[in-house]
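File shown here: data.tsv, holding TSV, C-alpha atoms.
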chain	number	residue	atom	x	y	z
W	1	MET	CA	106.31	161.56	144.72
W	2	PRO	CA	108.16	162.05	141.40
W	3	ILE	CA	107.73	159.27	138.84
W	4	ALA	CA	111.52	159.10	138.55
W	5	LEU	CA	111.46	157.20	141.86
W	6	LEU	CA	109.60	154.39	140.07
W	7	ALA	CA	112.56	153.99	137.70
W	8	LEU	CA	114.96	153.75	140.64
W	9	ALA	CA	112.65	151.23	142.33
W	10	ILE	CA	112.58	149.02	139.21
W	11	ALA	CA	116.37	148.95	139.20
W	12	ALA	CA	116.41	148.17	142.94
W	13	PHE	CA	113.97	145.32	142.26
W	14	GLY	CA	116.38	143.78	139.76
W	15	ILE	CA	119.38	144.21	142.05
W	16	GLY	CA	117.52	142.68	144.99
W	17	THR	CA	116.43	139.72	142.88
W	18	THR	CA	119.92	138.83	141.68
W	19	GLU	CA	121.38	139.27	145.17
W	20	PHE	CA	119.04	136.78	146.87
W	21	VAL	CA	117.85	134.39	144.13
W	22	MET	CA	121.13	132.47	144.18
W	23	MET	CA	120.35	131.31	147.73
W	24	GLY	CA	117.26	129.49	146.49
W	25	LEU	CA	119.01	127.98	143.47
W	26	LEU	CA	122.28	126.93	145.08
W	27	PRO	CA	121.61	123.13	144.91
W	28	GLU	CA	120.61	123.30	141.24
W	29	VAL	CA	123.67	125.36	140.27
W	30	ALA	CA	126.01	123.12	142.27
W	31	THR	CA	124.62	119.99	140.62
W	32	ASP	CA	124.81	121.44	137.11
W	33	LEU	CA	128.40	122.67	137.46
W	34	GLN	CA	129.45	119.60	139.48
W	35	VAL	CA	130.71	121.39	142.59
W	36	SER	CA	129.93	120.93	146.27
W	37	ILE	CA	127.42	123.12	148.14
W	38	PRO	CA	130.23	124.83	150.14
W	39	ASP	CA	132.06	125.62	146.89
W	40	ALA	CA	128.82	126.90	145.37
W	41	GLY	CA	128.51	129.23	148.36
W	42	GLY	CA	131.27	131.21	146.65
W	43	TYR	CA	128.65	132.52	144.21
W	44	ILE	CA	127.06	134.37	147.13
W	45	SER	CA	130.36	135.42	148.71
W	46	LEU	CA	131.85	136.73	145.44
W	47	TYR	CA	128.75	138.83	144.79
W	48	ALA	CA	129.07	140.35	148.27
W	49	LEU	CA	132.79	140.95	147.70
W	50	GLY	CA	131.93	142.78	144.47
W	51	VAL	CA	129.58	145.05	146.41
W	52	VAL	CA	132.16	145.80	149.11
W	53	ILE	CA	134.92	146.60	146.60
W	54	GLY	CA	132.83	148.22	143.89
W	55	ALA	CA	130.90	150.70	146.05
W	56	PRO	CA	133.79	152.98	147.10
W	57	LEU	CA	136.09	152.25	144.14
W	58	LEU	CA	133.64	152.89	141.30
W	59	THR	CA	132.10	155.84	143.11
W	60	MET	CA	135.48	157.56	143.35
W	61	LEU	CA	136.34	156.72	139.74
W	62	GLY	CA	133.04	158.18	138.55
W	63	MET	CA	132.84	161.21	140.82
W	64	ARG	CA	133.46	163.63	137.93
W	65	PHE	CA	130.63	162.20	135.82
W	66	LYS	CA	127.00	163.27	135.95
W	67	ARG	CA	124.96	161.24	138.40
W	68	LYS	CA	122.48	160.06	135.78
W	69	THR	CA	125.37	158.92	133.60
W	70	MET	CA	126.71	156.90	136.54
W	71	LEU	CA	123.30	155.33	137.17
W	72	LEU	CA	123.00	154.26	133.53
W	73	SER	CA	126.58	152.95	133.47
W	74	MET	CA	125.98	150.86	136.59
W	75	LEU	CA	122.82	149.36	135.08
W	76	VAL	CA	124.73	148.41	131.94
W	77	LEU	CA	127.38	146.71	134.08
W	78	PHE	CA	124.65	145.02	136.14
W	79	THR	CA	122.93	143.67	133.00
W	80	VAL	CA	126.21	142.42	131.52
W	81	GLY	CA	127.14	140.72	134.80
W	82	ASN	CA	123.84	138.83	134.89
W	83	LEU	CA	124.06	137.84	131.23
W	84	CYS	CA	127.52	136.47	131.92
W	85	SER	CA	126.07	134.58	134.89
W	86	ALA	CA	123.34	133.08	132.70
W	87	PHE	CA	125.84	131.81	130.10
W	88	ALA	CA	128.82	130.97	132.35
W	89	PRO	CA	129.95	127.45	131.31
W	90	THR	CA	132.20	126.71	134.30
W	91	HIS	CA	132.35	127.19	138.06
W	92	GLU	CA	135.26	129.64	137.80
W	93	LEU	CA	133.58	131.79	135.17
W	94	LEU	CA	130.35	131.93	137.17
W	95	LEU	CA	132.35	133.11	140.20
W	96	GLY	CA	133.78	135.91	138.05
W	97	ALA	CA	130.36	136.78	136.64
W	98	ARG	CA	128.84	137.03	140.12
W	99	PHE	CA	131.68	139.32	141.24
W	100	LEU	CA	131.06	141.48	138.14
W	101	ALA	CA	127.31	141.64	138.85
W	102	GLY	CA	128.00	142.77	142.42
W	103	LEU	CA	130.30	145.66	141.50
W	104	PRO	CA	127.55	148.18	140.55
W	105	HIS	CA	125.24	147.26	143.46
W	106	GLY	CA	126.51	149.70	146.09
W	107	VAL	CA	127.27	152.44	143.57
W	108	PHE	CA	123.74	152.40	142.19
W	109	PHE	CA	122.10	152.54	145.62
W	110	GLY	CA	124.57	155.15	146.85
W	111	ILE	CA	124.09	157.53	143.93
W	112	GLY	CA	120.42	156.57	143.65
W	113	ALA	CA	119.82	157.69	147.25
W	114	VAL	CA	121.44	161.07	146.50
W	115	VAL	CA	119.34	161.46	143.34
W	116	ALA	CA	116.12	160.41	145.11
W	117	ALA	CA	116.75	162.93	147.90
W	118	SER	CA	117.41	165.69	145.34
W	119	LEU	CA	114.03	165.16	143.65
W	120	VAL	CA	111.93	166.18	146.67
W	121	ALA	CA	111.80	168.80	149.40
W	122	THR	CA	114.21	168.42	152.31
W	123	ASP	CA	111.47	167.27	154.68
W	124	LYS	CA	110.63	164.32	152.40
W	125	ARG	CA	114.14	163.02	151.67
W	126	ALA	CA	113.91	159.86	153.76
W	127	GLN	CA	110.53	159.00	152.27
W	128	ALA	CA	111.93	159.39	148.75
W	129	ILE	CA	114.89	157.16	149.61
W	130	SER	CA	112.53	154.57	151.07
W	131	MET	CA	110.55	154.51	147.81
W	132	MET	CA	113.68	153.39	145.97
W	133	PHE	CA	114.47	150.74	148.59
W	134	ILE	CA	110.93	149.39	148.38
W	135	GLY	CA	112.00	147.94	145.03
W	136	LEU	CA	114.63	145.93	146.91
W	137	THR	CA	112.13	144.65	149.46
W	138	VAL	CA	109.50	143.77	146.83
W	139	ALA	CA	112.18	141.64	145.17
W	140	ASN	CA	111.95	139.34	148.19
W	141	ILE	CA	108.17	139.07	147.75
W	142	VAL	CA	107.99	138.59	143.98
W	143	GLY	CA	111.37	138.53	142.23
W	144	VAL	CA	113.16	135.93	144.35
W	145	PRO	CA	110.25	133.41	144.54
W	146	VAL	CA	109.49	133.77	140.82
W	147	GLY	CA	113.18	133.53	139.90
W	148	THR	CA	113.59	130.47	142.12
W	149	LEU	CA	110.56	128.69	140.67
W	150	LEU	CA	111.64	129.57	137.12
W	151	GLY	CA	115.16	128.29	137.80
W	152	GLN	CA	113.88	125.06	139.30
W	153	ALA	CA	111.44	124.45	136.45
W	154	LEU	CA	113.49	125.48	133.40
W	155	GLY	CA	117.06	125.63	134.70
W	156	TRP	CA	118.92	128.10	136.89
W	157	ARG	CA	120.30	130.03	133.89
W	158	TRP	CA	116.81	131.27	133.05
W	159	ALA	CA	116.59	133.04	136.40
W	160	PHE	CA	119.64	135.17	135.64
W	161	GLY	CA	118.39	135.71	132.10
W	162	LEU	CA	115.20	137.12	133.62
W	163	VAL	CA	117.23	139.44	135.85
W	164	ALA	CA	119.14	140.67	132.80
W	165	VAL	CA	115.82	141.51	131.14
W	166	ILE	CA	114.80	143.46	134.26
W	167	GLY	CA	118.12	145.28	133.96
W	168	VAL	CA	117.26	146.35	130.40
W	169	VAL	CA	113.81	147.57	131.54
W	170	ALA	CA	115.40	149.50	134.40
W	171	LEU	CA	117.95	151.02	132.04
W	172	ALA	CA	115.17	152.29	129.77
W	173	ALA	CA	113.14	153.58	132.72
W	174	VAL	CA	116.05	155.50	134.25
W	175	ALA	CA	116.99	156.95	130.86
W	176	ALA	CA	113.43	158.14	130.24
W	177	LEU	CA	112.20	159.16	133.70
W	178	VAL	CA	115.15	160.36	135.77
W	179	PRO	CA	115.93	164.03	135.00
W	180	ASP	CA	119.46	165.09	134.15
W	181	GLN	CA	121.51	165.61	137.28
W	182	PRO	CA	124.11	168.38	137.55
W	183	LYS	CA	127.73	167.34	137.39
W	184	PRO	CA	129.26	167.40	140.89
W	185	ALA	CA	131.36	170.55	141.25
W	186	ASP	CA	134.81	170.87	142.82
W	187	VAL	CA	135.16	167.17	143.60
W	188	SER	CA	138.40	165.38	144.39
W	189	VAL	CA	139.34	162.11	146.03
W	190	ARG	CA	140.97	163.99	148.91
W	191	GLY	CA	137.88	166.15	149.38
W	192	GLU	CA	135.57	163.14	149.31
W	193	LEU	CA	137.67	161.27	151.86
W	194	ARG	CA	137.77	164.29	154.18
W	195	ALA	CA	134.21	163.57	155.26
W	196	PHE	CA	135.38	160.25	156.69
W	197	ARG	CA	137.35	162.06	159.37
W	198	ARG	CA	134.11	162.73	161.22
W	199	PRO	CA	133.25	160.41	164.11
W	200	GLN	CA	129.57	160.64	163.18
W	201	VAL	CA	130.21	159.00	159.80
W	202	TRP	CA	131.96	156.04	161.45
W	203	LEU	CA	129.22	155.81	164.07
W	204	ALA	CA	126.68	155.53	161.24
W	205	PHE	CA	128.72	152.69	159.77
W	206	ALA	CA	128.88	151.01	163.21
W	207	VAL	CA	125.08	151.21	163.53
W	208	VAL	CA	124.77	149.41	160.19
W	209	VAL	CA	127.40	146.75	160.95
W	210	PHE	CA	125.88	145.73	164.28
W	211	GLY	CA	122.25	146.81	163.88
W	212	PHE	CA	121.74	145.08	160.57
W	213	ALA	CA	123.97	142.09	161.26
W	214	ALA	CA	121.19	141.35	163.76
W	215	THR	CA	118.66	140.83	160.96
W	216	PHE	CA	121.07	138.78	158.84
W	217	SER	CA	121.97	136.55	161.79
W	218	PHE	CA	118.29	135.58	161.93
W	219	TYR	CA	117.59	135.52	158.19
W	220	SER	CA	120.58	133.36	157.23
W	221	TYR	CA	119.17	130.40	159.17
W	222	ILE	CA	115.44	131.00	158.90
W	223	LYS	CA	114.76	127.99	156.63
W	224	PRO	CA	116.09	125.26	158.96
W	225	VAL	CA	114.42	126.93	161.95
W	226	LEU	CA	111.00	127.01	160.28
W	227	THR	CA	111.29	123.41	159.04
W	228	ASP	CA	113.06	121.66	161.93
W	229	VAL	CA	111.82	123.73	164.90
W	230	THR	CA	108.45	125.15	163.83
W	231	GLY	CA	107.55	122.15	161.67
W	232	TYR	CA	106.60	123.81	158.37
W	233	SER	CA	107.09	122.09	155.02
W	234	PRO	CA	109.70	123.49	152.59
W	235	THR	CA	106.88	124.78	150.37
W	236	ALA	CA	105.28	126.64	153.27
W	237	VAL	CA	108.65	128.13	154.17
W	238	THR	CA	108.80	129.74	150.71
W	239	LEU	CA	105.54	131.56	151.50
W	240	LEU	CA	106.86	132.61	154.91
W	241	LEU	CA	109.94	134.09	153.26
W	242	ALA	CA	107.58	136.15	151.12
W	243	LEU	CA	105.89	137.23	154.37
W	244	PHE	CA	109.29	138.39	155.61
W	245	GLY	CA	109.58	140.41	152.39
W	246	VAL	CA	106.16	141.97	153.05
W	247	GLY	CA	107.41	143.00	156.48
W	248	MET	CA	110.52	144.53	154.90
W	249	THR	CA	108.35	146.53	152.48
W	250	VAL	CA	105.97	147.80	155.15
W	251	GLY	CA	108.84	148.66	157.48
W	252	THR	CA	110.72	150.56	154.78
W	253	ALA	CA	107.64	152.58	153.82
W	254	VAL	CA	106.70	153.42	157.42
W	255	GLY	CA	110.32	154.08	158.38
W	256	GLY	CA	110.69	156.52	155.50
W	257	ARG	CA	107.73	158.61	156.65
W	258	LEU	CA	108.81	158.64	160.29
W	259	ALA	CA	112.47	159.37	159.47
W	260	ASP	CA	111.54	162.66	157.80
W	261	LYS	CA	109.97	163.81	161.09
W	262	ALA	CA	112.37	162.37	163.66
W	263	PRO	CA	115.27	160.38	162.13
W	264	MET	CA	117.18	159.59	165.33
W	265	LYS	CA	114.09	158.68	167.34
W	266	THR	CA	113.02	156.42	164.47
W	267	LEU	CA	116.42	154.74	164.58
W	268	TYR	CA	116.22	154.24	168.36
W	269	VAL	CA	112.68	152.87	168.33
W	270	PHE	CA	113.14	150.35	165.55
W	271	LEU	CA	116.54	149.05	166.66
W	272	GLY	CA	115.07	148.51	170.11
W	273	ALA	CA	111.98	146.85	168.61
W	274	LEU	CA	114.19	144.64	166.43
W	275	ALA	CA	116.11	143.42	169.50
W	276	ALA	CA	112.83	142.62	171.27
W	277	CYS	CA	111.36	140.76	168.26
W	278	LEU	CA	114.51	138.67	167.78
W	279	ALA	CA	114.52	137.68	171.45
W	280	LEU	CA	110.80	136.87	171.20
W	281	PHE	CA	111.37	134.58	168.20
W	282	VAL	CA	113.37	132.18	170.40
W	283	VAL	CA	110.01	131.40	172.05
W	284	THR	CA	107.57	131.86	169.14
W	285	ALA	CA	109.67	129.70	166.79
W	286	HIS	CA	108.00	126.71	168.46
W	287	SER	CA	104.51	127.91	167.53
W	288	ALA	CA	103.11	127.47	164.01
W	289	VAL	CA	100.77	130.42	164.69
W	290	LEU	CA	103.12	132.91	166.35
W	291	ALA	CA	106.25	132.21	164.31
W	292	PRO	CA	104.90	133.79	161.06
W	293	VAL	CA	103.77	136.88	163.00
W	294	THR	CA	107.24	137.30	164.48
W	295	VAL	CA	108.90	136.71	161.09
W	296	PHE	CA	106.82	139.58	159.68
W	297	LEU	CA	107.70	141.85	162.63
W	298	ILE	CA	111.43	141.12	162.32
W	299	GLY	CA	111.29	142.00	158.62
W	300	ALA	CA	109.43	145.23	159.40
W	301	THR	CA	111.60	146.41	162.31
W	302	GLY	CA	114.83	145.29	160.66
W	303	PHE	CA	114.29	147.46	157.58
W	304	ALA	CA	112.36	150.40	159.03
W	305	ALA	CA	115.63	152.00	160.13
W	306	ILE	CA	117.23	151.95	156.65
W	307	PRO	CA	115.77	155.29	155.45
W	308	SER	CA	116.95	156.91	158.70
W	309	ILE	CA	120.52	155.67	158.32
W	310	GLN	CA	120.65	156.66	154.63
W	311	ALA	CA	119.39	160.16	155.43
W	312	ARG	CA	121.82	160.26	158.35
W	313	ILE	CA	124.85	159.60	156.16
W	314	LEU	CA	123.73	162.24	153.65
W	315	ASP	CA	123.70	164.76	156.52
W	316	GLN	CA	126.98	163.72	158.09
W	317	ALA	CA	128.97	163.30	154.84
W	318	LYS	CA	127.75	166.39	152.99
W	319	GLU	CA	131.04	166.80	151.11
W	320	ALA	CA	130.83	163.21	149.88
W	321	PRO	CA	127.13	162.20	149.77
W	322	ALA	CA	127.54	159.65	146.96
W	323	LEU	CA	130.66	158.03	148.42
W	324	GLY	CA	129.19	157.98	151.93
W	325	SER	CA	125.90	156.53	150.74
W	326	ALA	CA	127.65	153.93	148.57
W	327	SER	CA	129.93	152.97	151.46
W	328	ILE	CA	126.84	152.26	153.54
W	329	GLN	CA	125.98	149.56	150.99
W	330	SER	CA	129.42	148.01	151.46
W	331	THR	CA	128.78	148.10	155.19
W	332	PHE	CA	125.44	146.32	154.73
W	333	ASN	CA	127.27	143.43	153.07
W	334	ILE	CA	129.81	143.34	155.89
W	335	ALA	CA	126.84	143.17	158.26
W	336	ASN	CA	125.41	140.33	156.18
W	337	SER	CA	128.63	138.32	156.48
W	338	LEU	CA	129.09	139.10	160.18
W	339	GLY	CA	125.53	138.11	161.08
W	340	ALA	CA	125.70	134.85	159.11
W	341	TYR	CA	129.11	134.00	160.61
W	342	LEU	CA	128.12	134.63	164.24
W	343	GLY	CA	124.84	132.77	163.77
W	344	GLY	CA	126.77	129.80	162.39
W	345	VAL	CA	129.20	129.89	165.33
W	346	VAL	CA	126.47	129.47	167.96
W	347	ILE	CA	124.78	126.69	165.97
W	348	ALA	CA	128.10	124.87	165.60
W	349	ALA	CA	128.62	125.26	169.36
W	350	GLY	CA	125.50	123.16	169.92
W	351	LEU	CA	123.26	125.98	171.20
W	352	GLY	CA	120.42	125.11	168.81
W	353	LEU	CA	118.88	126.53	165.66
W	354	THR	CA	117.17	129.40	167.50
W	355	ALA	CA	120.46	130.60	169.01
W	356	PRO	CA	121.17	133.00	166.10
W	357	SER	CA	118.12	134.97	167.17
W	358	TRP	CA	119.72	135.58	170.58
W	359	VAL	CA	122.88	136.67	168.79
W	360	GLY	CA	120.78	138.99	166.61
W	361	ALA	CA	119.09	140.52	169.66
W	362	LEU	CA	122.47	141.29	171.24
W	363	LEU	CA	123.81	142.75	167.98
W	364	ALA	CA	120.74	145.01	167.70
W	365	VAL	CA	121.35	146.28	171.23
W	366	VAL	CA	124.97	147.07	170.32
W	367	GLY	CA	123.77	148.91	167.21
W	368	LEU	CA	121.29	150.84	169.35
W	369	GLY	CA	124.16	151.79	171.67
W	370	PHE	CA	126.14	153.28	168.80
W	371	ALA	CA	123.02	155.16	167.64
W	372	LEU	CA	122.54	156.61	171.12
W	373	VAL	CA	126.18	157.75	171.21
W	374	SER	CA	125.71	159.39	167.82
W	375	GLY	CA	122.58	161.18	169.03
W	376	TRP	CA	124.38	162.33	172.17
W	377	LEU	CA	127.16	163.86	170.03
W	378	ASP	CA	124.50	165.72	168.05
W	379	ARG	CA	123.09	167.29	171.19
W	380	ARG	CA	126.38	168.05	172.94
W	381	PRO	CA	127.39	171.11	170.81
W	382	GLN	CA	123.97	172.63	171.42
W	383	ARG	CA	124.34	172.32	175.19
W	384	THR	CA	127.91	173.62	175.02
W	385	GLY	CA	126.83	176.54	172.88
W	386	ALA	CA	124.00	177.32	175.27
W	387	THR	CA	126.37	177.25	178.24
W	388	VAL	CA	128.86	179.55	176.54
W	389	SER	CA	126.07	181.92	175.56
W	390	HIS	CA	124.79	181.97	179.15
W	391	ARG	CA	128.24	182.67	180.54
W	392	ALA	CA	128.88	185.36	177.95
W	393	ALA	CA	125.95	187.29	179.30
W	394	GLN	CA	127.49	187.51	182.77
W	395	PRO	CA	130.94	189.20	182.57
W	396	THR	CA	129.82	192.83	182.35
W	397	GLU	CA	127.57	192.43	185.35
W	398	SER	CA	130.35	190.75	187.35
W	399	VAL	CA	132.85	193.49	186.57
W	400	GLU	CA	130.43	196.17	187.65
W	401	VAL	CA	129.82	194.43	190.96
W	402	GLY	CA	133.58	194.15	191.53

Starting from the coordinates I provided, produce the structure as C-alpha cells.
Amino acid sequence: MPIALLALAIAAFGIGTTEFVMMGLLPEVATDLQVSIPDAGGYISLYALGVVIGAPLLTMLGMRFKRKTMLLSMLVLFTVGNLCSAFAPTHELLLGARFLAGLPHGVFFGIGAVVAASLVATDKRAQAISMMFIGLTVANIVGVPVGTLLGQALGWRWAFGLVAVIGVVALAAVAALVPDQPKPADVSVRGELRAFRRPQVWLAFAVVVFGFAATFSFYSYIKPVLTDVTGYSPTAVTLLLALFGVGMTVGTAVGGRLADKAPMKTLYVFLGALAACLALFVVTAHSAVLAPVTVFLIGATGFAAIPSIQARILDQAKEAPALGSASIQSTFNIANSLGAYLGGVVIAAGLGLTAPSWVGALLAVVGLGFALVSGWLDRRPQRTGATVSHRAAQPTESVEVG
C-alpha cells in the first residue's frame, strides 16, 4: 500500500480523537465552564452539526480546487478549530469552536476516500479506503483514552491542545507524502447534484442511516450498561471501550479486504452479523466473561461494512465522487444522532439499559433490507438485458415459420 495512506490515517486519527474525546471529558468541561451536563452536551451536538453542514457545503465550494489543496485546507481548519477549543474562555465560544472543528470532518474523509482509491488499482480500492479509516478506529484505542486521561490529569484544554498538535503533524505528513492530485475537470454544482437523482445513491445513504444507527444506539449507552448491568468498575469500562476500538480496527481492515472481492455480499454478511451480535448482547450483558467478547464483535461487525459502503458510493456517484463520499460522512452523523435518540427513548420508557441493543438489532435489519433492495436493483438490468437479448434472437425464426 502507498505510504500516502499513512498520512491520511494520521489525519483520521486526529479527527477521530477530537470527535470522541469530548464524551470522556464532559463532566470536567461542564464544571470548569459552570454549565450543566445537558448544556455541555451541546459541545458534542455542535460538532456533529458542523460535520453535517460542512461536508456538502465545503465540498461544493472547493470542487474547483485540487484535491490535495482541499485536504491541506481542511487540516488547517481542523487545527484552528481545536486550538480555539483549547483556549475558549466561555461556554458560547467553546460551542462555536466545536462547530468550527466539525466543519472539515466530512470533507476530509470524503475527499480522502477519493484520493485513497486513486492511489491503488481498482481491485484494491476498498482496502485503501479502509487503511485511512483505520486511523479513525485506532483513535478509539489510543487517542481517546490518552486524551481523556490527559484532560483529567492536567485539565481538559490540554486534550484539545494535543489534538491540535496531531493536526499539525497530519498537515506536514499530507503535504510531504500525498502526491499532487489532478484538478477535477468540467465540474459544476448542477453536475455534482445530478448524481443524487439516482435511487442507488439514496439507498446507500439509507443503509448508513439505519445500519450504522444500530451501532450508535448500542455505543451511546455502553458505559451505564457495563457498570450497572454487567458490574464492571468505571476504570475497567475504559479498557472495554478500548476493546471496542480494537474490534472496530479489525473489522475495518477485514471489511476492506473482503469488499474488494464482493462488496455487496460483504455488506449483507456484516449487517446481518451486527443485528445478531446486538440481539445477543441483551443476554451476554449480564455476564462479565461474555460481555467483553460481544462488545468486541459489535465493534468489528459494525465497522466492517464501512469500506463497502464508501466504495459503493464512489461507484454510484461517479460524477460526484467527492460530494457523494463527503455526504456519507454527514449521514454517519445523522445515524449517530438517530441511534442515540432511539436508544434514549426505550430507556426512558422503562425498558431497561439493554433495550437500546434490541433497537440496534432492529435498525441493522432495516439497513440490511435497504442493502438487499440496492443489490436487487443492480441485478435487475442484467436480467432484463438477458431477456431482451434472448427474445431478439427469436423473431427471424418466428417469421420464417409463419

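Using all atoms listed in the file for every distance, the candidate list W:Trp358, W:Tyr221, W:Ala175, W:Ala326 yields W:Ala326 as the residue closest to Met60 (chain W).
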
Within 12 Å of Val165 (chain W) using all atoms listed in the file, minus same-chain residues under 3 positions, as a VMD selection string
chain W and resid 10 to 11 13 to 15 17 to 18 75 to 76 78 to 83 86 158 to 162 168 to 172

Kindly extract all protein, DNA and RNA residues lying within 12 Å of the coordinates (132.0, 135.7, 135.6) given in the file, considering only C-alpha atoms, and supply them as a PDB file with C-alpha atoms, in the coordinates of the input.
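Printed below is selection21.pdb as written:
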ATOM      1  CA  GLY W  42     131.270 131.210 146.650  1.00  0.00           C
ATOM      2  CA  TYR W  43     128.650 132.520 144.210  1.00  0.00           C
ATOM      3  CA  LEU W  46     131.850 136.730 145.440  1.00  0.00           C
ATOM      4  CA  TYR W  47     128.750 138.830 144.790  1.00  0.00           C
ATOM      5  CA  GLY W  50     131.930 142.780 144.470  1.00  0.00           C
ATOM      6  CA  PHE W  78     124.650 145.020 136.140  1.00  0.00           C
ATOM      7  CA  VAL W  80     126.210 142.420 131.520  1.00  0.00           C
ATOM      8  CA  GLY W  81     127.140 140.720 134.800  1.00  0.00           C
ATOM      9  CA  ASN W  82     123.840 138.830 134.890  1.00  0.00           C
ATOM     10  CA  LEU W  83     124.060 137.840 131.230  1.00  0.00           C
ATOM     11  CA  CYS W  84     127.520 136.470 131.920  1.00  0.00           C
ATOM     12  CA  SER W  85     126.070 134.580 134.890  1.00  0.00           C
ATOM     13  CA  ALA W  86     123.340 133.080 132.700  1.00  0.00           C
ATOM     14  CA  PHE W  87     125.840 131.810 130.100  1.00  0.00           C
ATOM     15  CA  ALA W  88     128.820 130.970 132.350  1.00  0.00           C
ATOM     16  CA  PRO W  89     129.950 127.450 131.310  1.00  0.00           C
ATOM     17  CA  THR W  90     132.200 126.710 134.300  1.00  0.00           C
ATOM     18  CA  HIS W  91     132.350 127.190 138.060  1.00  0.00           C
ATOM     19  CA  GLU W  92     135.260 129.640 137.800  1.00  0.00           C
ATOM     20  CA  LEU W  93     133.580 131.790 135.170  1.00  0.00           C
ATOM     21  CA  LEU W  94     130.350 131.930 137.170  1.00  0.00           C
ATOM     22  CA  LEU W  95     132.350 133.110 140.200  1.00  0.00           C
ATOM     23  CA  GLY W  96     133.780 135.910 138.050  1.00  0.00           C
ATOM     24  CA  ALA W  97     130.360 136.780 136.640  1.00  0.00           C
ATOM     25  CA  ARG W  98     128.840 137.030 140.120  1.00  0.00           C
ATOM     26  CA  PHE W  99     131.680 139.320 141.240  1.00  0.00           C
ATOM     27  CA  LEU W 100     131.060 141.480 138.140  1.00  0.00           C
ATOM     28  CA  ALA W 101     127.310 141.640 138.850  1.00  0.00           C
ATOM     29  CA  GLY W 102     128.000 142.770 142.420  1.00  0.00           C
ATOM     30  CA  LEU W 103     130.300 145.660 141.500  1.00  0.00           C
TER      31      LEU W 103
END

Between W:Lys223, W:Lys261, W:His105, W:Lys68, which has the minimum distance to Gln127 (chain W) (counting all atoms listed in the file)?
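Selected residue with least distance to Gln127 (chain W): W:Lys261.
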
CA of Leu290 (chain W) and CA of Thr230 (chain W) are how many Å apart?
9.7 Å

Can you work out which one of W:Phe196, W:Phe205, W:Val359, W:Leu368 has the shortest atom-to-atom distance to Lys265 (chain W), counting all atoms listed in the file?
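When distances to Lys265 (chain W) are compared using all atoms listed in the file, the smallest one comes from W:Leu368.
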
If we count all atoms listed in the file, what is near Val237 (chain W) at a cut-off of 9 Å, once residues fewer than 5 positions away on the same chain are taken out, given as an NGL selection string?
:W and (222-223 or 226-227 or 232 or 242)

Please produce an output containing C-alpha atoms for each residue in the selection, written as a PDB file, keeping the file's coordinate frame.
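What ended up in out.pdb:
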ATOM      1  CA  ILE W 222     115.440 131.000 158.900  1.00  0.00           C
ATOM      2  CA  LYS W 223     114.760 127.990 156.630  1.00  0.00           C
ATOM      3  CA  LEU W 226     111.000 127.010 160.280  1.00  0.00           C
ATOM      4  CA  THR W 227     111.290 123.410 159.040  1.00  0.00           C
ATOM      5  CA  TYR W 232     106.600 123.810 158.370  1.00  0.00           C
ATOM      6  CA  ALA W 242     107.580 136.150 151.120  1.00  0.00           C
TER       7      ALA W 242
END

As an exercise, work out the distance from CA of Ala214 (chain W) to CA of Gly339 (chain W) in Å and give it to one decimal place.
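Taking CA of Ala214 (chain W) as the start and CA of Gly339 (chain W) as the end point, the length is 6.0 Å.
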
Please compute the CA of Asn336 (chain W)-CA of Gly135 (chain W) distance, one decimal, in Å.
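Separating CA of Asn336 (chain W) from CA of Gly135 (chain W) is a distance of 19.0 Å.
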
Close residues, Pro179 (chain W) itself excluded, 12 Å, all atoms listed in the file, min 6 positions apart in chain, as a ChimeraX atom specification
/W:2-5,7-8,66-69,71,115-116,118-119,173

May I have the protein, DNA and RNA residues with an atom at most 10 Å from (121.5, 140.0, 162.7), counting all atoms listed in the file in the file's coordinates, returned as JSON, numbers by chain?
{"W": [209, 210, 211, 212, 213, 214, 215, 216, 217, 218, 219, 220, 274, 275, 278, 302, 335, 336, 337, 338, 339, 340, 341, 342, 343, 356, 357, 358, 359, 360, 361, 362, 363, 364]}

Within 9 Å of Val250 (chain W), counting all atoms listed in the file, which residues qualify if same-chain residues fewer than 4 places away don't, as a PyMOL selection string?
chain W and resi 134+137+245-246+254-255+299-300+303-304

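Candidate residues W:Asp315, W:Asp32, W:Asp228, W:Asp123 were compared for distance to Gly151 (chain W), and the nearest is W:Asp32, using all atoms listed in the file.
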